[in-house]
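Following: one structure in structure tokens, then a few remarks.
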Amino acid sequence: MRFIIDRIESGLAAAELENGTHADLPLAALPEGCHEGSVVRTGPAPAGASQCRLKVVRISADCFTVETETGSRERFPSAALPEGCRKDSVLTLWLDSAAEEERQREIRKLEDDVWAD
């Protein structure tokens, strides 16, 4: 699963999910250093990547309650978590800096193409 942080407001990160939908994610449940434009992934993190672990403590139809490494409990939209999550699953979220840099290059290229006309 991958999502891109569009903006951050009032402790929430508005993110575009992999399937093109949007969700508000609690900033407290995201890796340290997350900012507008960050690419966040789930799964095993490469060495040196900013990451956090979330434990699924409750599941409802539209959201999961997760416990962060600091012990806080946050509501996380179920659409933003990988399929197959169950109660007591531990998930790793990590910042994909290489994907963020590639995305920024693509945006600059598009902007250059627009302004070149």
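Labels used: A, B, ... for chains in the order of the structure tokens, numbers from 1 for residues in each chain, and numbers from 1 for ligands as shown.
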Q: Please identify all polymer residues within 8 Å of Arg86 (chain A), counting only C-alpha atoms, omitting same-chain residues fewer than 2 positions from it, and present them as a ChimeraX atom specification.
A: /A:56,59,84,88-89
Q) Could you pull out the strand (DSSP E or B) residues of chain A from DSSP and send them as a VMD selection string? A) chain A and resid 2 to 9 12 to 17 22 to 26 39 to 42 51 to 59 63 to 67 73 to 77 90 to 95
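For the choices A:Val39, A:Ala45, A:Val57, A:Ile8, the atom-to-atom distance to Leu27 (chain A) is smallest for A:Ile8 when using only C-alpha atoms.
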Residues of region 1-97 of chain A classed as helix (DSSP H, G or I) by DSSP on the backbone are to be reported as a short mmCIF file (atom, residue, chain, number, x, y, z; two decimals) with N, CA and C atoms, in the first residue's frame.
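The resulting file, part-v4.cif, is shown below:
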data_model
loop_
_atom_site.label_atom_id
_atom_site.label_comp_id
_atom_site.auth_asym_id
_atom_site.auth_seq_id
_atom_site.Cartn_x
_atom_site.Cartn_y
_atom_site.Cartn_z
N LEU A 27 -1.86 12.33 11.97
CA LEU A 27 -0.43 12.58 11.85
C LEU A 27 0.36 11.81 12.92
N ALA A 28 -0.23 11.62 14.09
CA ALA A 28 0.44 10.91 15.18
C ALA A 28 0.71 9.45 14.83
N ALA A 29 0.02 8.92 13.82
CA ALA A 29 0.21 7.52 13.44
C ALA A 29 1.08 7.37 12.19
N SER A 78 -9.88 2.35 7.22
CA SER A 78 -9.53 1.00 6.76
C SER A 78 -9.05 1.00 5.31
N ALA A 79 -9.49 1.96 4.50
CA ALA A 79 -9.04 2.03 3.10
C ALA A 79 -7.54 2.32 2.99
N ALA A 80 -6.93 2.87 4.05
CA ALA A 80 -5.52 3.23 4.01
C ALA A 80 -4.61 2.11 4.53
N SER A 97 11.58 7.99 0.49
CA SER A 97 12.20 9.24 0.01
C SER A 97 12.58 9.15 -1.47
#
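Closest approach to Asp6 (chain A) among A:Glu69, A:Glu100, A:Asp24, A:Glu36: A:Glu36, based on only C-alpha atoms.
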Q: Just the residues within 12 Å of Leu95 (chain A), please, counting only C-alpha atoms, with nothing from its chain fewer than 5 positions along; format it as a VMD selection string.
A: chain A and resid 2 to 5 30 to 52 100 to 101
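Counting only C-alpha atoms, the residue from A:Ala116, A:Glu111, A:Glu102, A:Phe64 that sits nearest to Pro82 (chain A) is A:Phe64.
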**Q.** Between CA of Leu54 (chain A) and CA of Leu93 (chain A), distance in Å (one decimal)
**A.** 7.8 Å
Q: Excluding Cys63 (chain A) and residues on its chain fewer than 3 positions from it, collect all residues at most 6 Å away from it, counting only C-alpha atoms, and give them as a count of residues only.
A: 4
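Of the residues listed (A:Ser10, A:Arg105, A:Lys55, A:Asp113), A:Lys55 shows the shortest atom-to-atom separation from Ser72 (chain A); distances use only C-alpha atoms.
Across the model, the gap from CA of Glu74 (chain A) to CA of Arg53 (chain A) is 12.5 Å.
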